[in-house]
Amino acid sequence: MTIKSGYGVHKLRLKFPGDESLLFRDCHFQYEKGEKILFLGPSGCGKSTLLQVLAGLIPHTIDVPMKAEQVMVPESSAVVFQDPDSQFCMTRVDEEIAFVLENLQVPREEMPAQIQKYVSAVGLNLEDVHTPIHTLSGGMKQRLAIASAMALQPEVLFLDEPTALLDLEGTNQVWETIRQLPDEQTLLIVEHKIEQMLDVIDRIVLFRPDGTILADGKKEEVLANHQEQLREYGIWYPGIWKDRLIYRSDEKISDQADSPLLSLRNFQVLHSGNVKLYTNHVDLQKGEWVAVMGKNGAGKSTLLQGIRQLLKTKGELLYKGSPIVQDDLQEIGFVFQNPELQFVASTVWDEVAYTIRQTSKNPSEEEINRVVQERLELFALWEHRQKHPYQLSIGQKRRLSVCATIHGRHQILLLDEPTFGLDAQNTFSLLDWLERLRQGGTTIVMVTHSEEIARYYADRIWWIEEGCLLKVSSDEEDGKECGDGGNCARDVASSSKS
Amino acid sequence: MEGIARETWLHRVNPSVKLLLSLGVLISLLFIHNLNVMLLLTIVILICFAFGTGVSKKVALLFFLPFFLLFCSSVLTMALYGKGSTLWWEWGIFRVSEESFYRGVHLGFRALTFGLIGLIFVCTTHPVRLFYSLMQQLHFPSKFAYSFMASIRLLPIIWDEFQMIRMAHQVRGFSPGKGWKGFKRKLSAYAVPLLAQSIRRAYRIAVAMEAKRFKGNQKRTYYYKLSLGKWDVLFLLFLVGITGVVWFGSEWVQLLPNQDVRLT
């Protein structure tokens, strides 16, 4: 059964240096021109690796030892990668596409017209193509990545989880662009979030955790016959939230009417002298779960950093009824978006023990051992206790960052997009743990882009727009204005200056 | 250096020409031993920096400050510890003589001019244009040119991450302790995550570049065409002019003793 037409691999064997077992053992995969294929499978099953082999990146660019009886790589291919911030080498939009054209030795005179053509083909509507890349949103950056990929005029376009690090808006922007590509374009896509893109593809390959292919066929058939695996493998399939909905206890931990745990009045967060966020009045009740929502760059993280006094603030910040003091900050935990940046110890065990030593007075060694074990078991990290935090998978890192942050005295836990980039499995387990914390009395304030999390988990939503906390809404009441409309950070900034 | 500088004619000089001629000036500086020539040259270069680079006064002062400190420290160390026969002042191990003082001033001027020429170059040269010019005029390998340009993108990201780590340490009450041990702990607490992130990101960018069929040694065309022109001739004439002004001017304007500062 060798490959007679199209492209693919036959009897692929591949092993990552240091791993004990083969990732692929005699893997066979074949596809024809014009097909639109989706690779699905649990994290770590090797679908991205197979994509890199099929694109010819392994073994030429990425040095991984592999053997195959036959490898048929398309003559021209292009790859769009996951991380919008690490696939460009130039600083401006036109320069990035020009980089590709230079590689293809396109004459300089033809470049501006071609750049214009590719930029508009992906719907990157810029007034000036000479725009700095860092001013684009994540979704727009990925559109640029697709534009520079198309500039290679690829027979096959490979997309390696292109929307994993994007919010819903960015995800839709990417798939909208892919839909506009010519019909005959061959596509090979690895993706976890399939709800927004099922119409783009026609064939699905489903991998088992060990890297073998469980199913390969028309998308309707595979989806219908393997519902169970989709759930098990942590894939964001359509309707997952209905399947997963757990019972959210509605019992209120404290009376809403009583004094709020945290109260912000005329509160401003400053960054290098400028007002970056403003809110007129907002309260936080004990035991609440608040979702902070808004567009990229609206000031969601700034709000959290302001509450934790990591940035300078003005106005009133009342904690349990009185202005917040340094000691109170001990009771407010903060989980950063990138877990790696907050680790301070060299093993998982030490990471948790560090917090306990910091926060309790003269704990005995036995006490520390007991609490660390309890915590690590609760977050299913006990078996990894000897590893360096960096060796964990992304889901485990996130869990550790929460696990190592919380301690007994925490009243409030602030989280900056804790489910960002996680597969469904890890997202739900993290949410369940947070829910358990909340039931134990911890108040949770969480930045998220997910409308589902806001709808199914949060008690209230804080909406932030252009540096202003504008509206608080919950299921019962349909939104309460808490700023005076247009009184946004910019206005405050200009009025405070005058 | 965009944003902080308006464009001046120095921006239009071909970056390779500017680089080579600036290096030439730096080397020839090493052969100036006359104090008056050095003084005049420093003044001329200072004027070029203040009015030729297009940076705002505030930024210019900010950039100038460290080099001014360098000037002061060079003068002081050389003046206080140098050898010389005409003694002016002595106290303990400090010994200021006429020769050592002038040698200190001379060294200070040299340090200052070195710094200013570097600043003028940096303030009037856009990095992307520099590397495109290096590739086109001096056949600098594109492998390195594009690596440098890619790494420029990483710098602000690293800065953001640095801020994040600082905040995270604050939240977690990370106190590395005092002394050498504390310093080492602090260094690794910042360096390990920053390096880990940067290496991973750099690797991903490298893979992405190769996926875009960048080979490092292939023939290529250039989006920005940089060539030699009238501005380069003007720049050369300008340097010749400066040399003339300084050379002949030092005959007329003799603010400092006209002597060779080298030990005889």
# chains A, B, ... in the order shown; residues from 1 in each chain; ligands from 1
$ interface_residues --of "chain B" --to "chain A" --cutoff "8 Å" --atoms "only C-alpha atoms" --output "ChimeraX atom specification"
/B:146-147,149-151,153,161,164-165,167-174,189,193-194,201-202,204-205,207-215,218-224
$ residues_around --residues "segment 443-456 of chain A" --least-positions-apart "5" --cutoff "6 Å" --atoms "only C-alpha atoms" --output "list in words"
Asp167, Lys286, Gly287, Glu288, Trp289, Val290, Ala291, Val292, Met293, Ile412, Leu413, Leu414, Leu415, Asp416, Glu417 and Arg438 of chain A
$ atom_distance --atom1 "atom CA of Gly41 of chain A" --atom2 "atom CA of Phe207 of chain A"
4.7 Å
$ select_by_dssp --residues "segment 1-140 of chain B" --states "strand (DSSP E)" --output "PyMOL selection string"
chain B and resi 87-91+94-97
$ write_last_selection --atoms "C-alpha atoms" --output "PDB file, in the first residue's frame"
ATOM      1  CA  LEU B  87      53.234  68.976  40.473  1.00  0.00           C
ATOM      2  CA  TRP B  88      50.088  71.020  41.190  1.00  0.00           C
ATOM      3  CA  TRP B  89      48.562  69.287  44.177  1.00  0.00           C
ATOM      4  CA  GLU B  90      49.248  66.238  46.300  1.00  0.00           C
ATOM      5  CA  TRP B  91      47.262  64.480  49.021  1.00  0.00           C
ATOM      6  CA  PHE B  94      46.300  61.500  44.876  1.00  0.00           C
ATOM      7  CA  ARG B  95      48.793  63.398  42.847  1.00  0.00           C
ATOM      8  CA  VAL B  96      47.689  65.933  40.282  1.00  0.00           C
ATOM      9  CA  SER B  97      50.313  67.256  37.970  1.00  0.00           C
TER      10      SER B  97
END
$ atom_distance --atom1 "atom CA of Val55 of chain B" --atom2 "atom CA of Leu119 of chain B"
10.7 Å
$ residues_around --residues "segment 268-274 of chain A" --least-positions-apart "2" --cutoff "6 Å" --atoms "only C-alpha atoms" --output "PyMOL selection string"
chain A and resi 276-278+306+312-314
$ write_last_selection --atoms "C-alpha atoms" --output "tab-separated table (two decimals), in the first residue's frame"
chain	number	residue	atom	x	y	z
A	276	LYS	CA	-5.31	53.20	31.87
A	277	LEU	CA	-8.52	52.17	33.57
A	278	TYR	CA	-11.35	53.93	35.27
A	306	GLY	CA	-4.65	47.65	39.94
A	312	LYS	CA	-0.34	52.74	40.90
A	313	THR	CA	-3.96	53.59	41.61
A	314	LYS	CA	-6.03	56.60	42.57
$ residues_around --residues "Leu30 of chain B" --least-positions-apart "2" --cutoff "12 Å" --atoms "only C-alpha atoms" --output "number ranges by chain"
B: 23-28, 32-34, 38, 106-107, 109-111, 113-114, 262
$ atom_distance --atom1 "atom CA of Tyr102 of chain B" --atom2 "atom CA of Ser22 of chain B"
25.9 Å
